[in-house]
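The file model-v7.txt comes next; it holds compact mmCIF, C-alpha atoms.
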# COMPACT_ATOMS: atom_id res chain seq x y z
CA MET A 1 65.97 -21.69 36.08
CA ASN A 2 69.28 -21.40 34.16
CA GLY A 3 69.69 -19.66 30.82
CA LYS A 4 69.90 -22.88 28.80
CA SER A 5 66.62 -24.22 30.24
CA ILE A 6 64.84 -20.95 29.59
CA LEU A 7 66.10 -20.90 26.00
CA THR A 8 64.96 -24.51 25.40
CA ALA A 9 61.47 -23.82 26.77
CA PHE A 10 61.21 -20.65 24.69
CA VAL A 11 62.19 -22.43 21.45
CA LEU A 12 59.74 -25.31 21.97
CA THR A 13 56.94 -22.97 22.93
CA SER A 14 57.60 -20.80 19.87
CA MET A 15 57.33 -23.86 17.64
CA LEU A 16 54.09 -25.11 19.20
CA LEU A 17 52.21 -21.84 19.69
CA PRO A 18 51.46 -21.36 15.94
CA ILE A 19 49.74 -24.76 15.93
CA MET A 20 47.74 -23.80 19.01
CA ALA A 21 46.95 -20.43 17.46
CA VAL A 22 45.47 -22.17 14.43
CA ALA A 23 43.32 -24.40 16.62
CA VAL A 24 41.95 -21.69 18.90
CA PRO A 25 40.45 -19.41 16.20
CA ILE A 26 38.79 -22.41 14.55
CA ALA A 27 37.20 -23.39 17.86
CA SER A 28 35.91 -19.88 18.56
CA ALA A 29 34.63 -19.44 14.99
CA GLN A 30 32.52 -22.59 15.26
CA GLN A 31 30.80 -21.55 18.49
CA PRO A 32 29.60 -18.32 17.79
CA GLY A 33 -3.12 -15.70 4.99
CA GLU A 34 -5.90 -14.95 4.77
CA GLY A 35 -7.33 -14.61 1.25
CA TRP A 36 -5.81 -11.97 -1.00
CA ILE A 37 -7.89 -9.26 -2.72
CA PRO A 38 -6.55 -7.08 -5.54
CA ASP A 39 -6.25 -3.35 -5.04
CA ILE A 40 -9.41 -1.99 -6.65
CA GLU A 41 -9.15 1.77 -6.99
CA THR A 42 -12.09 4.05 -6.31
CA PRO A 43 -11.99 7.24 -8.40
CA ASP A 44 -12.75 10.64 -6.89
CA ASN A 45 -14.50 11.87 -10.03
CA TRP A 46 -17.55 9.58 -10.26
CA ASP A 47 -19.43 12.40 -11.99
CA GLU A 48 -17.30 11.75 -15.09
CA TYR A 49 -18.47 8.11 -15.28
CA THR A 50 -21.58 6.94 -17.12
CA GLU A 51 -23.74 4.71 -14.93
CA ILE A 52 -25.06 1.46 -16.39
CA SER A 53 -26.66 -1.71 -15.06
CA GLY A 54 -28.70 -4.64 -16.32
CA ALA A 55 -28.50 -5.43 -20.04
CA TYR A 56 -26.25 -3.26 -22.22
CA SER A 57 -26.25 -3.89 -25.96
CA GLU A 58 -23.19 -1.89 -27.03
CA ASP A 59 -19.44 -2.00 -26.54
CA LEU A 60 -18.17 -0.32 -23.40
CA SER A 61 -15.86 2.63 -24.00
CA GLY A 62 -14.77 5.63 -22.00
CA LYS A 63 -15.48 5.93 -18.27
CA VAL A 64 -18.25 3.60 -17.11
CA GLN A 65 -19.63 2.89 -13.64
CA ILE A 66 -21.36 -0.43 -12.93
CA THR A 67 -24.00 0.06 -10.24
CA ALA A 68 -25.50 -3.45 -10.28
CA ASP A 69 -25.12 -6.77 -12.11
CA THR A 70 -24.56 -5.97 -15.79
CA ASN A 71 -24.52 -7.99 -19.03
CA VAL A 72 -22.62 -6.39 -21.91
CA ALA A 73 -23.41 -7.73 -25.39
CA GLY A 74 -20.21 -6.35 -26.94
CA ASP A 75 -16.58 -5.77 -26.00
CA VAL A 76 -14.78 -3.67 -23.42
CA SER A 77 -12.87 -1.37 -25.75
CA ILE A 78 -9.23 -0.43 -25.39
CA ASP A 79 -10.13 3.07 -24.14
CA ALA A 80 -12.63 1.80 -21.55
CA ASP A 81 -12.23 2.40 -17.82
CA VAL A 82 -14.93 0.32 -16.12
CA ARG A 83 -15.41 0.57 -12.35
CA GLY A 84 -18.12 -0.18 -9.82
CA THR A 85 -19.95 -2.85 -7.85
CA GLY A 86 -21.80 -5.88 -9.16
CA ASP A 87 -21.13 -8.88 -11.36
CA LEU A 88 -20.05 -8.06 -14.92
CA THR A 89 -20.61 -10.38 -17.88
CA VAL A 90 -18.96 -9.48 -21.19
CA SER A 91 -20.03 -11.36 -24.33
CA GLY A 92 -16.95 -10.22 -26.25
CA SER A 93 -13.34 -9.49 -25.30
CA VAL A 94 -11.69 -7.11 -22.85
CA SER A 95 -9.05 -4.76 -24.26
CA GLY A 96 -9.50 -1.96 -21.73
CA SER A 97 -9.49 -1.71 -17.93
CA VAL A 98 -12.05 -3.33 -15.61
CA GLN A 99 -12.02 -2.95 -11.82
CA ILE A 100 -15.09 -4.48 -10.21
CA THR A 101 -16.18 -5.42 -6.70
CA GLY A 102 -17.84 -8.66 -7.74
CA ASP A 103 -17.33 -11.39 -10.36
CA VAL A 104 -16.25 -10.86 -13.96
CA SER A 105 -17.02 -13.24 -16.81
CA VAL A 106 -15.48 -12.65 -20.25
CA SER A 107 -16.76 -14.89 -23.06
CA VAL A 108 -13.73 -14.42 -25.30
CA ASP A 109 -10.23 -13.07 -24.51
CA VAL A 110 -8.59 -10.70 -22.09
CA GLY A 111 -6.39 -9.09 -24.71
CA ALA A 112 -2.80 -7.87 -24.52
CA GLY A 113 -3.92 -4.41 -23.45
CA GLY A 114 -6.72 -5.66 -21.25
CA SER A 115 -6.76 -5.61 -17.46
CA VAL A 116 -9.33 -7.21 -15.17
CA LYS A 117 -9.39 -6.78 -11.40
CA ALA A 118 -12.20 -8.36 -9.41
CA SER A 119 -12.79 -9.05 -5.74
CA GLY A 120 -14.56 -12.29 -6.68
CA ASN A 121 -14.10 -14.84 -9.46
CA VAL A 122 -12.87 -14.21 -13.00
CA THR A 123 -13.71 -16.42 -15.98
CA ALA A 124 -12.26 -16.06 -19.47
CA GLY A 125 -13.79 -18.15 -22.25
CA GLY A 126 -10.75 -17.56 -24.44
CA SER A 127 -7.11 -16.79 -23.63
CA VAL A 128 -5.41 -14.26 -21.37
CA SER A 129 -2.62 -12.19 -22.87
CA GLY A 130 -3.35 -9.21 -20.63
CA THR A 131 -3.60 -9.04 -16.83
CA VAL A 132 -6.11 -10.73 -14.53
CA GLU A 133 -6.25 -10.29 -10.74
CA ALA A 134 -8.98 -12.01 -8.74
CA GLY A 135 -9.67 -12.27 -5.03
CA GLU A 136 -11.12 -15.73 -5.58
CA SER A 137 -10.72 -18.28 -8.37
CA VAL A 138 -9.74 -17.80 -12.02
CA THR A 139 -10.81 -20.04 -14.90
CA VAL A 140 -9.22 -19.63 -18.34
CA SER A 141 -10.43 -21.86 -21.16
CA GLY A 142 -7.49 -21.09 -23.43
CA THR A 143 -3.83 -20.29 -22.85
CA ILE A 144 -2.12 -17.77 -20.58
CA SER A 145 0.61 -15.63 -22.12
CA GLY A 146 -0.13 -12.69 -19.83
CA SER A 147 -0.35 -12.49 -16.05
CA VAL A 148 -2.86 -14.14 -13.69
CA THR A 149 -2.89 -13.59 -9.92
CA ALA A 150 -5.53 -15.22 -7.75
CA GLY A 151 -6.53 -15.57 -4.12
CA GLY A 152 -8.17 -18.89 -4.96
CA SER A 153 -7.47 -21.77 -7.30
CA VAL A 154 -6.67 -21.34 -11.00
CA THR A 155 -7.82 -23.62 -13.82
CA VAL A 156 -6.28 -23.35 -17.28
CA GLY A 157 -7.72 -25.22 -20.25
CA GLY A 158 -4.60 -24.64 -22.34
CA SER A 159 -0.99 -24.00 -21.35
CA VAL A 160 0.94 -21.36 -19.43
CA GLU A 161 3.10 -20.15 -22.28
CA ALA A 162 6.60 -18.70 -22.19
CA GLY A 163 6.30 -15.14 -20.93
CA GLY A 164 3.07 -15.94 -19.10
CA SER A 165 2.74 -16.19 -15.34
CA VAL A 166 0.38 -17.55 -12.70
CA THR A 167 0.61 -16.57 -9.03
CA LEU A 168 -1.41 -18.25 -6.28
CA THR A 169 -1.40 -15.96 -3.25
CA THR A 170 -3.18 -18.16 -0.71
CA PRO A 171 -1.99 -21.38 1.00
CA GLY A 172 -3.80 -24.60 0.23
CA VAL A 173 -5.08 -23.77 -3.26
CA THR A 174 -4.57 -25.57 -6.57
CA LEU A 175 -3.33 -24.77 -10.07
CA ASP A 176 -4.74 -27.10 -12.74
CA VAL A 177 -3.20 -26.76 -16.21
CA SER A 178 -4.50 -29.05 -18.94
CA GLY A 179 -1.47 -28.36 -21.12
CA GLY A 180 2.10 -27.64 -20.07
CA ILE A 181 3.97 -24.92 -18.21
CA ALA A 182 6.62 -22.91 -20.04
CA GLY A 183 6.05 -19.68 -18.11
CA ASP A 184 6.39 -18.72 -14.45
CA VAL A 185 4.34 -20.30 -11.67
CA THR A 186 4.47 -19.02 -8.10
CA VAL A 187 2.59 -20.59 -5.19
CA THR A 188 2.59 -20.42 -1.41
CA GLU A 189 2.91 -23.31 1.03
CA ASP A 190 0.53 -26.28 0.96
CA ALA A 191 -0.24 -25.74 -2.71
CA THR A 192 -0.83 -28.30 -5.44
CA VAL A 193 0.18 -27.91 -9.09
CA ASN A 194 -1.26 -30.28 -11.71
CA VAL A 195 -0.12 -30.19 -15.35
CA GLY A 196 -1.22 -32.15 -18.38
CA TYR A 197 2.33 -32.89 -19.47
CA VAL A 198 6.00 -32.13 -18.83
CA LYS A 199 8.34 -32.20 -21.83
CA PRO A 200 12.15 -32.39 -21.90
CA GLU A 201 12.38 -28.95 -23.50
CA ASN A 202 10.13 -27.37 -20.84
CA PRO A 203 11.04 -28.30 -17.24
CA MET A 204 8.24 -27.97 -14.70
CA THR A 205 9.36 -25.12 -12.45
CA VAL A 206 7.43 -23.83 -9.44
CA SER A 207 8.53 -20.91 -7.26
CA VAL A 208 7.34 -20.84 -3.65
CA GLU A 209 6.74 -17.82 -1.43
CA ALA A 210 6.16 -17.55 2.34
CA SER A 211 8.03 -20.81 2.89
CA ALA A 212 11.53 -22.12 3.64
CA LEU A 213 11.24 -23.85 0.27
CA THR A 214 11.71 -21.30 -2.53
CA GLY A 215 11.53 -23.41 -5.67
CA VAL A 216 11.21 -26.84 -7.27
CA SER A 217 12.15 -27.79 -10.83
CA ILE A 218 11.75 -31.11 -12.63
CA SER A 219 13.35 -31.97 -15.98
CA VAL A 220 12.42 -35.26 -17.64
CA HIS A 221 14.03 -37.62 -20.15
CA ASN A 222 10.82 -38.07 -22.14
CA GLU A 223 7.35 -36.53 -22.08
CA VAL A 224 5.39 -37.42 -18.94
CA ALA A 225 1.62 -36.93 -18.69
CA ASN A 226 -0.62 -35.77 -15.82
CA VAL A 227 2.12 -34.73 -13.42
CA SER A 228 1.25 -33.40 -9.97
CA ILE A 229 3.40 -31.67 -7.34
CA ASP A 230 2.10 -31.20 -3.82
CA ILE A 231 4.14 -28.91 -1.53
CA VAL A 232 3.47 -29.26 2.21
CA LYS A 233 5.07 -27.41 5.12
CA LEU A 234 5.41 -29.69 8.15
CA ALA A 235 5.39 -28.36 11.71
CA GLU A 236 7.48 -31.31 12.91
CA LYS A 237 8.93 -34.64 11.88
CA PRO A 238 6.15 -37.00 10.74
CA VAL A 239 5.39 -39.62 13.39
CA GLU A 240 5.83 -42.44 10.88
CA ILE A 241 9.48 -41.47 10.40
CA GLU A 242 11.58 -42.86 13.26
CA PRO A 243 15.17 -41.74 12.52
CA THR A 244 16.22 -38.21 13.40
CA PRO A 245 17.87 -36.06 10.71
CA PRO A 246 21.50 -35.05 11.22
CA GLY A 247 22.25 -31.84 13.07
CA VAL A 248 19.88 -29.19 14.40
CA VAL A 249 16.65 -29.10 12.36
CA CYS A 250 15.28 -25.80 11.09
CA ASN A 251 12.35 -26.96 8.92
CA TYR A 252 10.63 -30.05 7.58
CA ILE A 253 9.09 -30.01 4.09
CA ARG A 254 7.27 -32.67 2.12
CA ILE A 255 7.18 -32.66 -1.68
CA ASP A 256 4.89 -35.30 -3.15
CA THR A 257 4.65 -36.09 -6.85
CA GLU A 258 2.28 -38.20 -8.92
CA ASN A 259 2.88 -39.88 -12.28
CA VAL A 260 6.58 -39.02 -12.33
CA ILE A 261 9.11 -41.49 -10.92
CA GLU A 262 12.86 -41.32 -10.43
CA ALA A 263 13.47 -43.08 -13.76
CA ASP A 264 11.57 -40.27 -15.55
CA ILE A 265 13.68 -37.49 -14.00
CA SER A 266 16.79 -36.24 -15.75
CA ILE A 267 17.42 -33.63 -13.06
CA ALA A 268 15.36 -32.31 -10.15
CA THR A 269 16.35 -29.16 -8.30
CA ILE A 270 15.25 -27.81 -4.93
CA GLU A 271 15.95 -24.28 -3.73
CA PHE A 272 15.44 -23.17 -0.14
CA LYS A 273 16.39 -20.46 2.34
CA VAL A 274 17.47 -20.26 5.98
CA GLU A 275 17.07 -17.26 8.25
CA LYS A 276 20.34 -15.72 9.39
CA SER A 277 18.85 -15.15 12.84
CA TRP A 278 18.35 -18.93 13.20
CA LEU A 279 21.96 -19.58 12.24
CA VAL A 280 23.11 -17.16 14.93
CA GLU A 281 20.71 -18.63 17.50
CA VAL A 282 21.92 -22.22 17.04
CA GLU A 283 25.55 -21.17 16.44
CA ILE A 284 25.84 -22.78 13.02
CA SER A 285 27.79 -21.41 10.07
CA ALA A 286 25.96 -20.77 6.81
CA ASP A 287 28.47 -23.18 5.23
CA ASP A 288 27.27 -26.01 7.46
CA VAL A 289 23.59 -26.04 6.38
CA ILE A 290 22.40 -29.31 4.83
CA LEU A 291 19.25 -30.65 3.20
CA SER A 292 18.47 -34.31 3.88
CA ARG A 293 16.00 -36.48 2.01
CA TYR A 294 14.17 -39.30 3.77
CA HIS A 295 14.52 -42.37 1.56
CA ASP A 296 14.32 -46.12 2.27
CA GLY A 297 14.20 -45.60 6.03
CA ASN A 298 17.19 -43.25 6.24
CA TRP A 299 18.00 -39.56 6.02
CA VAL A 300 20.28 -39.02 3.03
CA PRO A 301 22.21 -35.69 3.01
CA LEU A 302 22.23 -33.95 -0.38
CA THR A 303 25.04 -31.79 -1.73
CA VAL A 304 24.11 -28.15 -1.12
CA GLU A 305 25.50 -24.94 -2.63
CA GLN A 306 24.93 -21.36 -1.54
CA ILE A 307 23.43 -19.26 -4.33
CA GLY A 308 22.99 -15.92 -2.58
CA GLU A 309 21.97 -14.01 0.50
CA ASP A 310 20.25 -10.83 1.62
CA THR A 311 19.91 -9.10 4.97
CA THR A 312 17.53 -11.78 6.28
CA TYR A 313 18.20 -15.08 4.50
CA VAL A 314 20.90 -17.29 3.02
CA TYR A 315 19.73 -19.07 -0.15
CA TYR A 316 20.69 -22.59 -1.23
CA ARG A 317 20.25 -25.01 -4.13
CA THR A 318 20.57 -28.78 -4.37
CA THR A 319 19.70 -31.58 -6.75
CA THR A 320 17.72 -34.64 -5.71
CA PRO A 321 17.07 -37.99 -7.40
CA GLY A 322 13.46 -37.93 -6.20
CA PHE A 323 10.97 -36.43 -3.78
CA SER A 324 9.66 -37.27 -0.32
CA THR A 325 10.11 -35.61 3.09
CA PHE A 326 13.08 -33.26 3.49
CA ALA A 327 14.78 -31.73 6.53
CA ILE A 328 16.68 -28.44 6.49
CA SER A 329 19.27 -28.59 9.25
CA GLY A 330 22.76 -27.56 10.23
CA GLU A 331 25.67 -29.31 11.86
CA LYS A 332 28.09 -27.58 14.18
CA ALA A 333 31.59 -28.02 12.81
CA GLU A 334 34.04 -29.68 15.17
CA LEU A 335 37.80 -29.35 15.41
CA PRO A 336 39.64 -32.08 13.50
CA LEU A 337 40.92 -34.73 15.90
CA MET A 338 44.48 -34.18 14.69
CA LEU A 339 44.42 -30.50 15.65
CA ILE A 340 42.94 -31.32 19.04
CA ALA A 341 45.61 -33.96 19.65
CA VAL A 342 48.42 -31.61 18.62
CA ALA A 343 47.08 -28.84 20.85
CA VAL A 344 46.84 -31.20 23.84
CA VAL A 345 50.38 -32.51 23.27
CA ALA A 346 51.67 -28.95 22.97
CA ILE A 347 50.09 -27.93 26.24
CA VAL A 348 51.44 -31.02 28.02
CA ILE A 349 54.97 -30.41 26.70
CA VAL A 350 54.97 -26.75 27.65
CA CYS A 351 53.62 -27.48 31.12
CA GLY A 352 56.25 -30.22 31.54
CA LEU A 353 59.08 -27.91 30.51
CA ILE A 354 57.90 -25.25 32.89
CA ALA A 355 57.74 -27.78 35.73
CA VAL A 356 61.25 -29.09 34.96
CA THR A 357 62.80 -25.66 34.73
CA ARG A 358 61.17 -24.61 37.99
CA LYS A 359 62.45 -27.75 39.71
CA ARG A 360 65.98 -27.15 38.45
CA GLY A 361 65.80 -23.54 39.38
CA GLY A 362 64.61 -24.47 42.86
Show how you would write the structure in this file as C-alpha cells.
Amino acid sequence: MNGKSILTAFVLTSMLLPIMAVAVPIASAQQPGEGWIPDIETPDNWDEYTEISGAYSEDLSGKVQITADTNVAGDVSIDADVRGTGDLTVSGSVSGSVQITGDVSVSVDVGAGGSVKASGNVTAGGSVSGTVEAGESVTVSGTISGSVTAGGSVTVGGSVEAGGSVTLTTPGVTLDVSGGIAGDVTVTEDATVNVGYVKPENPMTVSVEASALTGVSISVHNEVANVSIDIVKLAEKPVEIEPTPPGVVCNYIRIDTENVIEADISIATIEFKVEKSWLVEVEISADDVILSRYHDGNWVPLTVEQIGEDTTYVYYRTTTPGFSTFAISGEKAELPLMLIAVAVVAIVIVCGLIAVTRKRGG
C-alpha cells in the first residue's frame, strides 16, 4: 500500500466514522385484598374507663367503655373517648372519639371534631365533617366535607364537598353519591363510582390505587345527570377484540361510563403508571410507552406525556375523546432507515478501499 492510498483511505474513513458513531450508540441505547379494617386502639388503662351497656340516657363524656350493644339517647361530647365491643347507637351527634369493634349508628352528624372508627358498618343520619373509618360499609344521609374511609361500599345522600374525601380500600365495591363530587375520591381496581350529576365547574375526578391506572377525570360542557364510571382491570385482551395493540403490552384496562357520551365531554384525562422493572425486562425506553384506546374496531394510540417518576414507577398522563378498553404498551425504537443505509454504505466503502489498497500493495 503506497502513501497516497493510505492517506485516501484514512480521509474517507475519518469522514464516515462520525456517522457510524452516531448510529452505534442509538442502536445500543434502544436494546438495553382482602377487606380493610381500621386500626382500633386498645388502651392499657381500662380501669380509668366507665363501663356502660344497654340503654344510656345521658350524653357520653370522658372515658367510656362499651361492653355490649348500647343505645345512647344524647350526644358523644367533644371530650369523650369511647372504646369497647358491641354495636353503638347514638341518637345525637358525635363530636368526640369513638373506636368500636362493631357497628356505629349516629342519628345526626359526625362533627368537625368527631372521629368514628368501627370494624363493622357506620351510618350517619346527618353529615360528616369529621372522620369516619369503617371496616365495612358507610352510609351518610347528608354531605361529606370531612374524611370517609371504608372497606365496603359507601352511599352518600348529599355531595362530597370541596375539602371532603372518600376512600374505598377494597376492590369491587361501589361509591354512590346522590349529589356531585367536588372533593377527593380514591378507589381500588374493579370499583364503580355513581354520581347524581357532573357540572362544568366540578370535573368528576377519581384516583385509583393498587392498579396500573392511577386516575380518571371527566370535564363536561353542560351538566350531566346520573353519571357512572366502572373501572376494571383485565388479565388479558378481551376475546371479542381481534386486533392486537401496537408494541409489547404491559396492561389492559377497561373504563366504562354510563349517561355520558363523547359529545358531553369537554376533556377527559387518564393517568397511569408503568413499572421500571418491566421497562428493563422488555428493553423499552420510558419515552416509548404508549396508551392505545380500542375504538371502532381499531387500536388508536393516544398522545402520552411523562408527569413524574419514583424509584419504582414512571407516571404518565393522556387525554382521550371517550372511554372503552385501553392497552398500556411500549414500542422498541428502531434506527431510522437513513442512518442504517448510511452506516451500510460507509462500511462497504471502507472495506472496498482496504481491499483496493491491499491489492495495489500486493
(request) Quick one: pull the distance between atom CA of A:Ser53 and atom CA of A:Val98, Å, one decimal. (result)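 Interatomic distance, atom CA of A:Ser53 to atom CA of A:Val98: 14.7 Å.
If you look at atom CA of A:Thr205 and atom CA of A:Thr174, they are 15.1 Å away from each other.
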(request) Tell me which protein, DNA and RNA residues are within 8 Å of stretch 157-161 of chain A, counting only C-alpha atoms, leaving out same-chain ones fewer than 4 positions away, and put them as a list in words. (result)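 Everything that qualifies: Val140, Ser141, Gly142, Thr143, Ile144, Ser145, Ser165, Val166, Val177, Ser178, Gly179, Gly180, Ile181, Ala182, Gly183 and Asp184 of chain A.
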Expected file: the selected residues, C-alpha atoms, as a CSV table (one decimal), keeping the file's coordinate frame:
chain,number,residue,atom,x,y,z
A,140,VAL,CA,-9.2,-19.6,-18.3
A,141,SER,CA,-10.4,-21.9,-21.2
A,142,GLY,CA,-7.5,-21.1,-23.4
A,143,THR,CA,-3.8,-20.3,-22.8
A,144,ILE,CA,-2.1,-17.8,-20.6
A,145,SER,CA,0.6,-15.6,-22.1
A,165,SER,CA,2.7,-16.2,-15.3
A,166,VAL,CA,0.4,-17.6,-12.7
A,177,VAL,CA,-3.2,-26.8,-16.2
A,178,SER,CA,-4.5,-29.0,-18.9
A,179,GLY,CA,-1.5,-28.4,-21.1
A,180,GLY,CA,2.1,-27.6,-20.1
A,181,ILE,CA,4.0,-24.9,-18.2
A,182,ALA,CA,6.6,-22.9,-20.0
A,183,GLY,CA,6.0,-19.7,-18.1
A,184,ASP,CA,6.4,-18.7,-14.4
(request) Between atom CA of A:Val193 and atom CA of A:Ile253, measure the distance and give it in Å to one decimal. (result)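 Pair atom CA of A:Val193 / atom CA of A:Ile253 returns 16.0 Å.
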I'd like the contact shell of A:Arg254 - 7 Å cut-off, only C-alpha atoms, skipping same-chain residues fewer than 6 positions apart - returned as a compact mmCIF listing (two decimals) with C-alpha atoms, in the coordinates of the input.
# COMPACT_ATOMS: atom_id res chain seq x y z
CA ILE A 231 4.14 -28.91 -1.53
CA VAL A 232 3.47 -29.26 2.21
CA LYS A 233 5.07 -27.41 5.12
CA LEU A 234 5.41 -29.69 8.15
CA SER A 324 9.66 -37.27 -0.32
CA THR A 325 10.11 -35.61 3.09
CA PHE A 326 13.08 -33.26 3.49
(request) Find the spatial neighbours of stretch 287-299 of chain A, counting only C-alpha atoms, within a cut-off of 6 Å - ignore same-chain residues fewer than 2 positions away - and output them as a list in words. (result) Pro245, Ser285, Pro301, Leu302, Thr325, Phe326, Ala327, Ile328, Ser329, Gly330 and Glu331 of chain A
Find the smallest box with edges along x, y and z containing every listed atom of stretch 321-331 of chain A, then add 6 Å on each side and report centre and edge lengths in Å to one decimal, as lines of an AutoDock Vina configuration file.
center_x = 17.7
center_y = -32.8
center_z = 2.2
size_x = 28.0
size_y = 22.4
size_z = 31.3
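For the choices A:Thr149, A:Thr67, A:Asn259, A:Ser207, the atom-to-atom distance to A:Gly102 is smallest for A:Thr67 when using all atoms listed in the file.
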(message) Around the point (-7.8, -13.3, -26.9) (coordinates from the file), which residues reach within 12 Å if we count all atoms listed in the file? Answer as a VMD selection string.
(response) chain A and resid 75 92 to 95 106 to 114 124 to 131 140 to 146
(request) Point out the residue among A:Val249, A:Leu60, A:Asp39, A:Ser97 with the least atom-to-atom distance to A:Ala134, counting all atoms listed in the file. (result) A:Asp39
(request) Have a look at A:Ala235, A:Met204, A:Ala191, A:Leu175 and name the one nearest to A:Ile255; count all atoms listed in the file. (result) A:Ala191
(request) Identify, on the basis of all atoms listed in the file, every residue whose closest approach to A:Ile52 does not exceed 8 Å; exclude the query and any residue fewer than 4 positions from it along the same chain; express the result as an MDAnalysis selection string. (result) chainID A and resid 56 64:68 70
(request) Select, from A:Ser57, A:Pro246, A:Glu48, A:Pro38, the residue with the minimum atom-to-atom distance to A:Lys117, counting only C-alpha atoms. (result)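 Answer, going by the shortest atom-to-atom distance: A:Pro38.
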(message) I'd like the contact shell of A:Gly135 - 9 Å cut-off, only C-alpha atoms, skipping same-chain residues fewer than 6 positions apart - returned as number ranges by chain.
(response) A: 35-38, 117-122, 149-152
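Each of A:Gly163, A:Pro200, A:Gly62, A:Gly215 was checked against A:Tyr316 using only C-alpha atoms; the smallest atom-to-atom distance is that of A:Gly215.
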(message) Let me make sure I understand: among A:Glu209, A:Gln99, A:Ile284, A:Val227, which one has the smallest atom-to-atom distance to A:Cys250 if we use all atoms listed in the file?
(response)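 Closest to A:Cys250, using all atoms listed in the file: A:Ile284.
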